[in-house]
>>> print(open('final_24.tsv').read())   # TSV, C-alpha atoms and all ligand atoms
chain	number	residue	atom	x	y	z
A	1	MET	CA	122.41	-123.89	-80.16
A	2	PRO	CA	124.14	-121.46	-77.76
A	3	THR	CA	122.54	-118.04	-77.67
A	4	SER	CA	124.58	-114.94	-77.22
A	5	SER	CA	122.94	-111.89	-75.68
A	6	PRO	CA	123.70	-108.55	-77.35
A	7	PRO	CA	126.45	-106.59	-75.59
A	8	GLN	CA	124.92	-104.44	-72.87
A	9	SER	CA	125.34	-100.82	-73.84
A	10	ARG	CA	127.18	-98.76	-71.24
A	11	PRO	CA	126.04	-95.22	-70.40
A	12	GLY	CA	127.63	-92.45	-72.46
A	13	VAL	CA	129.73	-90.08	-70.38
A	14	VAL	CA	131.62	-87.03	-71.63
A	15	ILE	CA	134.65	-85.92	-69.60
A	16	LEU	CA	135.48	-82.26	-69.93
A	17	GLY	CA	138.96	-81.12	-68.88
A	18	THR	CA	139.57	-77.66	-67.45
A	19	GLY	CA	142.98	-78.10	-65.76
A	20	GLY	CA	143.74	-77.98	-62.01
A	21	THR	CA	146.06	-80.05	-59.84
A	22	ILE	CA	144.43	-83.21	-61.14
A	23	ALA	CA	146.15	-82.31	-64.44
A	24	GLY	CA	149.23	-80.99	-62.64
A	25	SER	CA	152.80	-82.14	-62.90
A	26	THR	CA	155.77	-81.83	-60.56
A	27	ALA	CA	158.07	-82.29	-63.57
A	28	ALA	CA	156.88	-79.02	-65.09
A	29	ALA	CA	157.36	-76.99	-61.88
A	30	LEU	CA	159.54	-73.89	-62.06
A	31	GLY	CA	160.77	-72.99	-58.57
A	32	HIS	CA	157.62	-74.27	-56.86
A	33	HIS	CA	156.14	-77.68	-56.07
A	34	TYR	CA	154.18	-78.30	-59.26
A	35	THR	CA	152.30	-76.64	-62.11
A	36	ALA	CA	148.52	-77.15	-62.40
A	37	GLY	CA	146.70	-77.84	-65.65
A	38	VAL	CA	149.54	-79.13	-67.86
A	39	LEU	CA	148.26	-82.65	-68.71
A	40	SER	CA	145.51	-83.24	-71.26
A	41	ILE	CA	142.24	-84.93	-70.37
A	42	GLU	CA	143.31	-87.92	-72.53
A	43	GLU	CA	146.48	-88.31	-70.43
A	44	LEU	CA	144.42	-88.19	-67.22
A	45	LEU	CA	142.04	-90.87	-68.42
A	46	ALA	CA	144.94	-93.17	-69.32
A	47	SER	CA	145.94	-93.07	-65.65
A	48	ALA	CA	142.53	-94.26	-64.39
A	49	PRO	CA	142.08	-97.89	-65.47
A	50	GLY	CA	138.63	-99.52	-65.44
A	51	LEU	CA	136.74	-96.52	-66.78
A	52	ALA	CA	135.77	-98.27	-70.02
A	53	ASP	CA	133.93	-100.96	-67.99
A	54	ILE	CA	131.68	-98.30	-66.46
A	55	ALA	CA	130.85	-96.02	-69.38
A	56	GLN	CA	131.44	-95.23	-73.03
A	57	LEU	CA	133.68	-92.24	-72.70
A	58	ARG	CA	134.36	-89.25	-74.87
A	59	CYS	CA	136.65	-86.38	-73.86
A	60	GLN	CA	136.80	-82.68	-74.54
A	61	GLN	CA	139.31	-80.10	-73.35
A	62	LEU	CA	137.80	-76.69	-72.56
A	63	PHE	CA	140.62	-75.07	-70.55
A	64	SER	CA	144.07	-76.03	-69.23
A	65	LEU	CA	144.13	-73.66	-66.29
A	66	ASP	CA	144.71	-73.39	-62.60
A	67	SER	CA	141.18	-72.86	-61.28
A	68	VAL	CA	142.20	-69.53	-59.73
A	69	GLU	CA	141.98	-68.26	-63.35
A	70	LEU	CA	138.39	-69.45	-63.80
A	71	ASP	CA	136.63	-66.11	-63.46
A	72	LEU	CA	132.90	-65.67	-63.93
A	73	PRO	CA	133.09	-65.27	-67.75
A	74	ARG	CA	135.01	-68.58	-67.97
A	75	GLN	CA	132.64	-70.25	-65.50
A	76	LEU	CA	129.73	-69.13	-67.72
A	77	GLN	CA	131.56	-70.54	-70.74
A	78	LEU	CA	131.87	-73.82	-68.81
A	79	ALA	CA	128.14	-73.80	-67.98
A	80	ARG	CA	127.25	-73.22	-71.63
A	81	ARG	CA	129.52	-76.05	-72.81
A	82	VAL	CA	128.11	-78.46	-70.22
A	83	ALA	CA	124.52	-77.59	-71.19
A	84	GLN	CA	125.40	-78.19	-74.86
A	85	ILE	CA	127.00	-81.58	-74.09
A	86	ALA	CA	124.11	-82.66	-71.87
A	87	ALA	CA	121.60	-81.87	-74.65
A	88	ASP	CA	123.11	-84.68	-76.79
A	89	PRO	CA	120.74	-87.69	-76.57
A	90	ASP	CA	123.77	-90.06	-76.60
A	91	VAL	CA	125.11	-88.51	-73.42
A	92	ASP	CA	123.91	-89.85	-70.05
A	93	GLY	CA	126.20	-87.83	-67.79
A	94	VAL	CA	129.01	-85.26	-67.76
A	95	VAL	CA	132.20	-85.24	-65.69
A	96	ILE	CA	134.30	-82.08	-65.36
A	97	THR	CA	137.88	-82.23	-64.11
A	98	HIS	CA	138.56	-78.93	-62.34
A	99	GLY	CA	141.02	-77.35	-59.93
A	100	THR	CA	139.93	-77.60	-56.32
A	101	ASP	CA	140.56	-73.95	-55.40
A	102	THR	CA	137.43	-72.49	-56.98
A	103	MET	CA	135.44	-75.69	-57.57
A	104	GLU	CA	132.82	-74.55	-55.07
A	105	GLU	CA	132.01	-71.45	-57.13
A	106	SER	CA	131.84	-73.30	-60.48
A	107	ALA	CA	129.76	-76.08	-58.89
A	108	TYR	CA	127.17	-73.62	-57.55
A	109	LEU	CA	127.01	-71.65	-60.82
A	110	LEU	CA	126.48	-74.86	-62.82
A	111	HIS	CA	123.95	-76.13	-60.26
A	112	LEU	CA	121.90	-72.95	-60.71
A	113	LEU	CA	122.20	-72.68	-64.48
A	114	VAL	CA	122.48	-76.08	-66.17
A	115	GLY	CA	118.91	-77.26	-66.67
A	116	THR	CA	119.51	-80.94	-67.39
A	117	ASP	CA	118.27	-83.92	-65.42
A	118	LYS	CA	121.46	-85.79	-66.30
A	119	PRO	CA	124.24	-85.94	-63.69
A	120	VAL	CA	126.85	-83.18	-63.96
A	121	VAL	CA	129.81	-84.13	-61.78
A	122	LEU	CA	132.89	-82.10	-60.92
A	123	THR	CA	136.01	-83.70	-59.56
A	124	GLY	CA	139.67	-82.86	-59.04
A	125	ALA	CA	142.66	-83.82	-56.94
A	126	MET	CA	144.80	-82.47	-54.15
A	127	ARG	CA	147.97	-84.14	-55.47
A	128	PRO	CA	149.41	-83.62	-58.96
A	129	ALA	CA	149.06	-86.50	-61.41
A	130	ASP	CA	152.72	-87.58	-61.07
A	131	ALA	CA	152.95	-87.27	-57.25
A	132	PRO	CA	153.18	-90.40	-55.05
A	133	GLY	CA	149.65	-91.43	-53.99
A	134	ALA	CA	147.98	-89.12	-56.52
A	135	ASP	CA	144.24	-89.00	-55.73
A	136	GLY	CA	143.09	-88.01	-59.24
A	137	PRO	CA	142.61	-91.50	-60.74
A	138	ALA	CA	140.33	-92.71	-57.90
A	139	ASN	CA	138.35	-89.46	-57.98
A	140	ILE	CA	137.87	-89.76	-61.77
A	141	LEU	CA	136.70	-93.36	-61.38
A	142	ASP	CA	134.21	-92.32	-58.69
A	143	ALA	CA	133.01	-89.33	-60.71
A	144	VAL	CA	132.39	-91.48	-63.81
A	145	THR	CA	130.57	-94.06	-61.63
A	146	VAL	CA	128.23	-91.31	-60.40
A	147	ALA	CA	127.79	-89.72	-63.85
A	148	ALA	CA	126.85	-93.13	-65.28
A	149	SER	CA	124.42	-93.91	-62.47
A	150	PRO	CA	120.64	-93.58	-63.14
A	151	ALA	CA	120.19	-92.79	-59.41
A	152	ALA	CA	122.18	-89.56	-59.84
A	153	HIS	CA	119.64	-88.08	-62.26
A	154	GLY	CA	117.70	-85.04	-61.06
A	155	LEU	CA	120.23	-84.00	-58.40
A	156	GLY	CA	121.75	-81.07	-60.29
A	157	THR	CA	125.50	-80.49	-60.23
A	158	LEU	CA	127.51	-82.67	-57.88
A	159	VAL	CA	131.07	-82.67	-56.58
A	160	VAL	CA	132.58	-86.13	-56.12
A	161	PHE	CA	135.73	-86.12	-54.03
A	162	GLY	CA	137.37	-88.59	-51.67
A	163	GLY	CA	134.45	-91.04	-51.98
A	164	ALA	CA	131.84	-88.45	-50.96
A	165	VAL	CA	129.09	-87.05	-53.19
A	166	HIS	CA	128.28	-83.40	-52.45
A	167	SER	CA	125.63	-81.05	-53.81
A	168	GLY	CA	127.12	-78.23	-55.90
A	169	ARG	CA	125.24	-75.77	-53.69
A	170	GLU	CA	126.55	-76.99	-50.36
A	171	VAL	CA	130.10	-78.08	-51.06
A	172	SER	CA	133.15	-76.04	-50.13
A	173	LYS	CA	136.88	-76.53	-49.82
A	174	ARG	CA	137.43	-76.57	-46.08
A	175	ILE	CA	141.01	-77.82	-45.76
A	176	SER	CA	143.72	-76.36	-47.97
A	177	SER	CA	146.19	-79.21	-47.63
A	178	ARG	CA	144.51	-82.59	-47.00
A	179	LEU	CA	143.15	-85.19	-49.38
A	180	ASP	CA	139.66	-84.90	-47.81
A	181	ALA	CA	139.59	-81.20	-48.65
A	182	PHE	CA	135.84	-80.85	-49.27
A	183	ASP	CA	132.82	-80.85	-47.02
A	184	SER	CA	129.23	-79.68	-46.96
A	185	PHE	CA	127.74	-77.82	-43.99
A	186	HIS	CA	124.64	-80.06	-44.09
A	187	GLY	CA	126.66	-83.20	-44.93
A	188	PRO	CA	127.24	-84.94	-48.28
A	189	LEU	CA	124.31	-86.30	-50.32
A	190	GLY	CA	125.92	-89.72	-50.52
A	191	ASP	CA	128.95	-91.94	-50.92
A	192	VAL	CA	130.50	-93.68	-53.90
A	193	SER	CA	132.72	-96.74	-53.87
A	194	GLU	CA	133.36	-99.86	-55.94
A	195	GLN	CA	129.87	-100.94	-54.75
A	196	GLY	CA	128.41	-97.96	-56.61
A	197	LEU	CA	126.47	-94.88	-55.51
A	198	LEU	CA	124.65	-94.70	-52.16
A	199	LEU	CA	122.44	-91.64	-51.68
A	200	TYR	CA	121.20	-90.22	-48.38
A	201	GLY	CA	119.72	-86.90	-49.43
A	202	ARG	CA	118.56	-84.58	-52.20
A	203	PRO	CA	119.07	-80.85	-52.80
A	204	ALA	CA	116.43	-78.86	-50.90
A	205	ARG	CA	116.60	-75.56	-52.83
A	206	ARG	CA	115.68	-74.54	-56.40
A	207	PHE	CA	118.28	-75.43	-59.05
A	208	GLY	CA	118.73	-76.12	-62.78
A	209	ALA	CA	115.55	-75.82	-64.85
A	210	ASP	CA	113.61	-74.90	-61.69
A	211	SER	CA	115.93	-72.02	-60.74
A	212	ALA	CA	115.01	-68.39	-61.38
A	213	PHE	CA	117.86	-68.10	-63.90
A	214	GLU	CA	118.05	-69.05	-67.55
A	215	LEU	CA	121.48	-69.67	-69.00
A	216	ALA	CA	120.44	-68.82	-72.57
A	217	SER	CA	119.22	-65.35	-71.63
A	218	LEU	CA	122.21	-64.30	-69.50
A	219	PRO	CA	124.59	-61.61	-70.78
A	220	GLU	CA	128.17	-62.58	-71.76
A	221	SER	CA	129.49	-61.04	-68.55
A	222	LEU	CA	127.76	-60.76	-65.20
A	223	PRO	CA	127.50	-57.60	-63.06
A	224	SER	CA	130.59	-57.12	-60.91
A	225	VAL	CA	130.33	-58.16	-57.27
A	226	GLU	CA	133.17	-57.50	-54.82
A	227	LEU	CA	133.96	-59.38	-51.65
A	228	LEU	CA	134.88	-57.48	-48.48
A	229	LEU	CA	136.56	-59.72	-45.91
A	230	SER	CA	136.23	-57.71	-42.76
A	231	HIS	CA	138.21	-57.39	-39.51
A	232	PRO	CA	138.05	-54.88	-36.63
A	233	ASP	CA	141.06	-52.83	-37.87
A	234	MET	CA	139.89	-52.48	-41.47
A	235	PRO	CA	141.02	-49.03	-42.71
A	236	ALA	CA	138.28	-46.88	-44.22
A	237	SER	CA	140.43	-46.48	-47.37
A	238	ILE	CA	140.00	-50.19	-48.23
A	239	CYS	CA	136.23	-49.87	-47.91
A	240	ARG	CA	136.36	-46.70	-49.99
A	241	ALA	CA	138.32	-48.45	-52.77
A	242	ILE	CA	135.66	-51.16	-52.98
A	243	LEU	CA	132.92	-48.57	-52.99
A	244	ASP	CA	134.65	-46.65	-55.80
A	245	SER	CA	135.36	-49.78	-57.87
A	246	GLY	CA	131.96	-49.43	-59.52
A	247	ALA	CA	130.73	-52.80	-58.25
A	248	ALA	CA	126.99	-53.39	-58.57
A	249	GLY	CA	127.08	-55.59	-55.46
A	250	ILE	CA	129.19	-56.15	-52.36
A	251	VAL	CA	129.31	-59.34	-50.29
A	252	HIS	CA	130.53	-58.51	-46.81
A	253	ALA	CA	132.15	-61.45	-45.01
A	254	GLY	CA	132.11	-60.50	-41.36
A	255	PRO	CA	133.08	-62.29	-38.17
A	256	GLY	CA	130.68	-64.70	-36.44
A	257	GLY	CA	127.10	-64.46	-37.66
A	258	GLY	CA	128.04	-61.79	-40.22
A	259	ASN	CA	128.83	-58.98	-37.79
A	260	VAL	CA	129.72	-55.53	-39.19
A	261	ALA	CA	132.05	-52.99	-37.53
A	262	THR	CA	130.69	-49.42	-37.27
A	263	PRO	CA	133.00	-47.73	-39.87
A	264	VAL	CA	132.35	-50.56	-42.34
A	265	ALA	CA	128.60	-50.32	-41.70
A	266	ARG	CA	128.79	-46.60	-42.58
A	267	MET	CA	130.50	-47.42	-45.86
A	268	LEU	CA	127.97	-50.15	-46.66
A	269	ASP	CA	125.13	-47.73	-45.97
A	270	GLU	CA	126.75	-45.28	-48.38
A	271	ALA	CA	126.93	-48.12	-50.91
A	272	ARG	CA	123.17	-48.63	-50.50
A	273	GLU	CA	122.58	-44.91	-51.11
A	274	ARG	CA	124.45	-45.33	-54.41
A	275	GLY	CA	122.19	-48.28	-55.34
A	276	VAL	CA	124.80	-51.00	-54.66
A	277	VAL	CA	123.26	-54.21	-53.28
A	278	VAL	CA	124.90	-55.42	-50.06
A	279	VAL	CA	124.82	-59.05	-48.91
A	280	ARG	CA	125.85	-59.83	-45.34
A	281	SER	CA	127.67	-63.16	-44.97
A	282	SER	CA	130.08	-64.76	-42.52
A	283	ARG	CA	133.83	-65.29	-42.75
A	284	VAL	CA	133.49	-68.38	-40.48
A	285	GLY	CA	133.05	-70.69	-43.48
A	286	ALA	CA	130.03	-72.68	-42.27
A	287	GLY	CA	126.78	-71.86	-40.51
A	288	VAL	CA	123.89	-69.45	-40.99
A	289	VAL	CA	123.74	-65.66	-41.25
A	290	ALA	CA	120.13	-65.12	-40.19
A	291	ARG	CA	118.19	-62.12	-41.45
A	292	ASN	CA	118.08	-59.45	-38.72
A	293	GLY	CA	120.29	-61.71	-36.57
A	294	ALA	CA	123.60	-60.04	-35.57
A	295	VAL	CA	122.50	-56.81	-37.31
A	296	SER	CA	119.20	-55.28	-38.49
A	297	ASP	CA	119.22	-56.00	-42.23
A	298	THR	CA	115.82	-54.34	-42.55
A	299	GLU	CA	117.13	-51.07	-41.12
A	300	HIS	CA	120.22	-51.02	-43.37
A	301	GLY	CA	118.56	-52.43	-46.49
A	302	TRP	CA	120.95	-55.39	-46.63
A	303	VAL	CA	120.39	-59.01	-47.72
A	304	ALA	CA	121.30	-61.87	-45.35
A	305	ALA	CA	123.23	-64.72	-47.02
A	306	GLY	CA	121.66	-67.52	-44.94
A	307	ASP	CA	123.85	-70.62	-45.14
A	308	LEU	CA	125.71	-69.58	-48.32
A	309	ASN	CA	129.39	-68.84	-47.76
A	310	PRO	CA	130.74	-65.52	-49.16
A	311	PHE	CA	132.04	-67.12	-52.38
A	312	LYS	CA	128.73	-68.77	-53.21
A	313	ALA	CA	126.85	-65.61	-52.14
A	314	ARG	CA	128.97	-63.72	-54.68
A	315	VAL	CA	127.86	-66.11	-57.48
A	316	LEU	CA	124.18	-65.85	-56.54
A	317	LEU	CA	124.30	-62.06	-56.20
A	318	ALA	CA	125.98	-61.68	-59.62
A	319	LEU	CA	123.17	-63.75	-61.18
A	320	ALA	CA	120.44	-61.97	-59.19
A	321	LEU	CA	121.72	-58.56	-60.34
A	322	THR	CA	121.06	-59.54	-63.98
A	323	GLN	CA	117.36	-59.44	-63.06
A	324	THR	CA	116.86	-56.85	-60.33
A	325	SER	CA	118.45	-54.67	-57.69
A	326	ASP	CA	115.38	-54.81	-55.46
A	327	VAL	CA	116.57	-55.98	-52.05
A	328	ALA	CA	113.37	-57.83	-51.06
A	329	THR	CA	113.41	-59.78	-54.34
A	330	ILE	CA	117.12	-60.62	-53.93
A	331	GLN	CA	116.51	-61.73	-50.33
A	332	ARG	CA	113.81	-64.10	-51.67
A	333	LEU	CA	116.31	-65.49	-54.23
A	334	PHE	CA	118.77	-66.10	-51.37
A	335	ASP	CA	116.05	-67.80	-49.31
A	336	THR	CA	115.10	-70.18	-52.11
A	337	HIS	CA	118.28	-70.99	-54.11
B	401	LIG	N1	145.65	-74.53	-57.70
B	401	LIG	C1	144.96	-75.74	-58.06
B	401	LIG	C2	143.70	-75.36	-58.82
B	401	LIG	O1	142.71	-75.01	-58.24
B	401	LIG	C3	144.64	-76.52	-56.83
B	401	LIG	C4	143.96	-77.84	-57.06
B	401	LIG	O2	143.43	-78.17	-58.13
B	401	LIG	O3	143.92	-78.64	-56.08
B	401	LIG	O4	143.72	-75.38	-60.03
>>> encode(input="final_24.tsv", output="structure tokens", more="lines below")
Ligand code: ASP
Amino acid sequence: MPTSSPPQSRPGVVILGTGGTIAGSTAAALGHHYTAGVLSIEELLASAPGLADIAQLRCQQLFSLDSVELDLPRQLQLARRVAQIAADPDVDGVVITHGTDTMEESAYLLHLLVGTDKPVVLTGAMRPADAPGADGPANILDAVTVAASPAAHGLGTLVVFGGAVHSGREVSKRISSRLDAFDSFHGPLGDVSEQGLLLYGRPARRFGADSAFELASLPESLPSVELLLSHPDMPASICRAILDSGAAGIVHAGPGGGNVATPVARMLDEARERGVVVVRSSRVGAGVVARNGAVSDTEHGWVAAGDLNPFKARVLLALALTQTSDVATIQRLFDTH
């Protein structure tokens, strides 16, 4: 008598839509090339055939926004929703479709805060869904492959884009106009293709349940942190406006290894006198701002960002300021997260 084996159960993956170019349409554009975030997550999934062979999918729509609108309160809302989804025993992995412009900030926030072992994977697209050669469907397929993969457990939040698998801590948008827009200073953790997931590395710093931060005990809104992108002709009035904005922290993005011009340094010292925490980072986009490297951080009472770019430094400083404004403690958080 022929025996039939029970159907193999596929991993459960929830896809959470937030908008972005991946959900963008040229048809809906008004006087510009396209409008981001107009298609629903269900419409996006219909354009990526083969997904049902990889996982049992469920979708949710959290936002329909261009990611430039995803401020820290919305990013926290995203982190809380992802944590809630991941706590469901029927869920093996979570995919988030997200605009590429601020994906690096959301990815780092989620990496620090979502304490699940299950894969949390962000993806997006550089071309709108109805553009010729749209990259969204392939990126969704790759992201679901990674989210459904047992090998991706315990890696924190990942960004899957253009066949590469990046850590949420390391990844940043490096090219504003090409399909391979993302890179990681230390290289991707792996690759994904129709052959599946191939990993070459693991995150080296604290994240998720091992991070110093607990999502459940965070306030609804985080302390405000401003970014000061610096150049040699910066008028003192700009620095003054930032100082007077009431920010609890300032991330200075200076040239080279985080260099600081004399008038700006004066303003940042005044910020310190007012109890504002100052992080020194680089506007270069990749590399290390070493403590007491280009400038004496000890003398000024500043924190060195290490290899975090200014946007990721802003996320970490906002979280750190929920716990302390002690500079030595915040430096330790930067050295370990
Ligand atoms: N402006 C879009 C966004 O970040 C860009 C993209 O998704 O590629 O939402």
>>> residues_near_point(input="final_24.tsv", point="(123.6, -97.9, -70.4)", cutoff="12 Å", atoms="only C-alpha atoms", output="PyMOL selection string")
chain A and resi 7-13+53-57+90-93+145+147-150
>>> atom_distance(input="final_24.tsv", atom1="atom CA of Ser167 of chain A", atom2="atom CA of Gln61 of chain A")
23.9 Å
>>> residues_around(input="final_24.tsv", residues="Arg127 of chain A", least_positions_apart="2", cutoff="8 Å", atoms="only C-alpha atoms", output="list in words")
Thr21, Ile22, Gly24, Ala125, Ala129, Ala131, Gly133, Ala134, Asp135, Gly136 and Leu179 of chain A
>>> atom_distance(input="final_24.tsv", atom1="atom CA of Gly190 of chain A", atom2="atom CA of Asp101 of chain A")
22.1 Å
>>> residues_near_ligand(input="final_24.tsv", ligand="ligand LIG 401 (chain B)", cutoff="9 Å", atoms="only C-alpha atoms and all ligand atoms", output="mmCIF file with C-alpha atoms, in the coordinates of the input")
data_model
loop_
_atom_site.group_PDB
_atom_site.id
_atom_site.type_symbol
_atom_site.label_atom_id
_atom_site.label_comp_id
_atom_site.auth_asym_id
_atom_site.auth_seq_id
_atom_site.Cartn_x
_atom_site.Cartn_y
_atom_site.Cartn_z
ATOM 1 C CA THR A 18 139.570 -77.660 -67.450
ATOM 2 C CA GLY A 19 142.980 -78.100 -65.760
ATOM 3 C CA GLY A 20 143.740 -77.980 -62.010
ATOM 4 C CA THR A 21 146.060 -80.050 -59.840
ATOM 5 C CA ILE A 22 144.430 -83.210 -61.140
ATOM 6 C CA ALA A 23 146.150 -82.310 -64.440
ATOM 7 C CA GLY A 24 149.230 -80.990 -62.640
ATOM 8 C CA THR A 35 152.300 -76.640 -62.110
ATOM 9 C CA ALA A 36 148.520 -77.150 -62.400
ATOM 10 C CA GLY A 37 146.700 -77.840 -65.650
ATOM 11 C CA LEU A 65 144.130 -73.660 -66.290
ATOM 12 C CA ASP A 66 144.710 -73.390 -62.600
ATOM 13 C CA SER A 67 141.180 -72.860 -61.280
ATOM 14 C CA VAL A 68 142.200 -69.530 -59.730
ATOM 15 C CA GLU A 69 141.980 -68.260 -63.350
ATOM 16 C CA LEU A 70 138.390 -69.450 -63.800
ATOM 17 C CA HIS A 98 138.560 -78.930 -62.340
ATOM 18 C CA GLY A 99 141.020 -77.350 -59.930
ATOM 19 C CA THR A 100 139.930 -77.600 -56.320
ATOM 20 C CA ASP A 101 140.560 -73.950 -55.400
ATOM 21 C CA THR A 102 137.430 -72.490 -56.980
ATOM 22 C CA MET A 103 135.440 -75.690 -57.570
ATOM 23 C CA GLY A 124 139.670 -82.860 -59.040
ATOM 24 C CA ALA A 125 142.660 -83.820 -56.940
ATOM 25 C CA MET A 126 144.800 -82.470 -54.150
ATOM 26 C CA ARG A 127 147.970 -84.140 -55.470
ATOM 27 C CA PRO A 128 149.410 -83.620 -58.960
ATOM 28 C CA SER A 176 143.720 -76.360 -47.970
ATOM 29 C CA SER A 177 146.190 -79.210 -47.630
ATOM 30 C CA ALA A 181 139.590 -81.200 -48.650
#
>>> closest_residue(input="final_24.tsv", among="A:Leu243, A:Gly287, A:His337, A:Gly257", to="Glu273 of chain A", atoms="only C-alpha atoms")
A:Leu243
>>> closest_residue(input="final_24.tsv", among="A:Glu299, A:Glu270, A:Asp130, A:Glu226", to="Leu44 of chain A", atoms="all atoms listed in the file")
A:Asp130
>>> atom_distance(input="final_24.tsv", atom1="atom CA of Pro137 of chain A", atom2="atom CA of Ala48 of chain A")
4.6 Å
>>> closest_residue(input="final_24.tsv", among="A:Asn309, A:Gln195, A:Ser106, A:Gln84", to="Ala253 of chain A", atoms="all atoms listed in the file")
A:Asn309
>>> axis_aligned_box(input="final_24.tsv", around="segment 74-86 of chain A", padding_each_side="5 Å", output="AutoDock Vina command-line options")
--center_x 129.6 --center_y -75.6 --center_z -70.2 --size_x 20.9 --size_y 24.1 --size_z 19.4
>>> closest_residue(input="final_24.tsv", among="A:Ser245, A:Asn139, A:Ser230, A:Thr157", to="Ala261 of chain A", atoms="all atoms listed in the file")
A:Ser230
>>> closest_residue(input="final_24.tsv", among="A:Ala248, A:Leu222, A:Val277, A:Ala107", to="Val120 of chain A", atoms="only C-alpha atoms")
A:Ala107
>>> closest_residue(input="final_24.tsv", among="A:Ala247, A:Val159, A:Ala152, A:Leu109", to="Phe207 of chain A", atoms="only C-alpha atoms")
A:Leu109
>>> residues_around(input="final_24.tsv", residues="Arg266 of chain A", least_positions_apart="6", cutoff="10 Å", atoms="all atoms listed in the file", output="number ranges by chain")
A: 236, 239, 260, 272, 300
>>> residues_around(input="final_24.tsv", residues="Gly115 of chain A", least_positions_apart="5", cutoff="9 Å", atoms="only C-alpha atoms", output="number ranges by chain")
A: 83, 110, 156, 207-211, 214-215
>>> residues_around(input="final_24.tsv", residues="Ala305 of chain A", least_positions_apart="3", cutoff="10 Å", atoms="all atoms listed in the file", output="list in words")
Val251, His252, Ala253, Gly258, Val278, Val279, Arg280, Ser281, Ser282, Val288, Val289, Ala290, Arg291, Trp302, Leu308, Asn309, Pro310, Lys312, Ala313, Arg314, Leu316, Leu317, Gln331, Phe334 and Asp335 of chain A
>>> write_last_selection(input="final_24.tsv", atoms="C-alpha atoms", output="mmCIF file, keeping the file's coordinate frame")
data_model
loop_
_atom_site.group_PDB
_atom_site.id
_atom_site.type_symbol
_atom_site.label_atom_id
_atom_site.label_comp_id
_atom_site.auth_asym_id
_atom_site.auth_seq_id
_atom_site.Cartn_x
_atom_site.Cartn_y
_atom_site.Cartn_z
ATOM 1 C CA VAL A 251 129.310 -59.340 -50.290
ATOM 2 C CA HIS A 252 130.530 -58.510 -46.810
ATOM 3 C CA ALA A 253 132.150 -61.450 -45.010
ATOM 4 C CA GLY A 258 128.040 -61.790 -40.220
ATOM 5 C CA VAL A 278 124.900 -55.420 -50.060
ATOM 6 C CA VAL A 279 124.820 -59.050 -48.910
ATOM 7 C CA ARG A 280 125.850 -59.830 -45.340
ATOM 8 C CA SER A 281 127.670 -63.160 -44.970
ATOM 9 C CA SER A 282 130.080 -64.760 -42.520
ATOM 10 C CA VAL A 288 123.890 -69.450 -40.990
ATOM 11 C CA VAL A 289 123.740 -65.660 -41.250
ATOM 12 C CA ALA A 290 120.130 -65.120 -40.190
ATOM 13 C CA ARG A 291 118.190 -62.120 -41.450
ATOM 14 C CA TRP A 302 120.950 -55.390 -46.630
ATOM 15 C CA LEU A 308 125.710 -69.580 -48.320
ATOM 16 C CA ASN A 309 129.390 -68.840 -47.760
ATOM 17 C CA PRO A 310 130.740 -65.520 -49.160
ATOM 18 C CA LYS A 312 128.730 -68.770 -53.210
ATOM 19 C CA ALA A 313 126.850 -65.610 -52.140
ATOM 20 C CA ARG A 314 128.970 -63.720 -54.680
ATOM 21 C CA LEU A 316 124.180 -65.850 -56.540
ATOM 22 C CA LEU A 317 124.300 -62.060 -56.200
ATOM 23 C CA GLN A 331 116.510 -61.730 -50.330
ATOM 24 C CA PHE A 334 118.770 -66.100 -51.370
ATOM 25 C CA ASP A 335 116.050 -67.800 -49.310
#
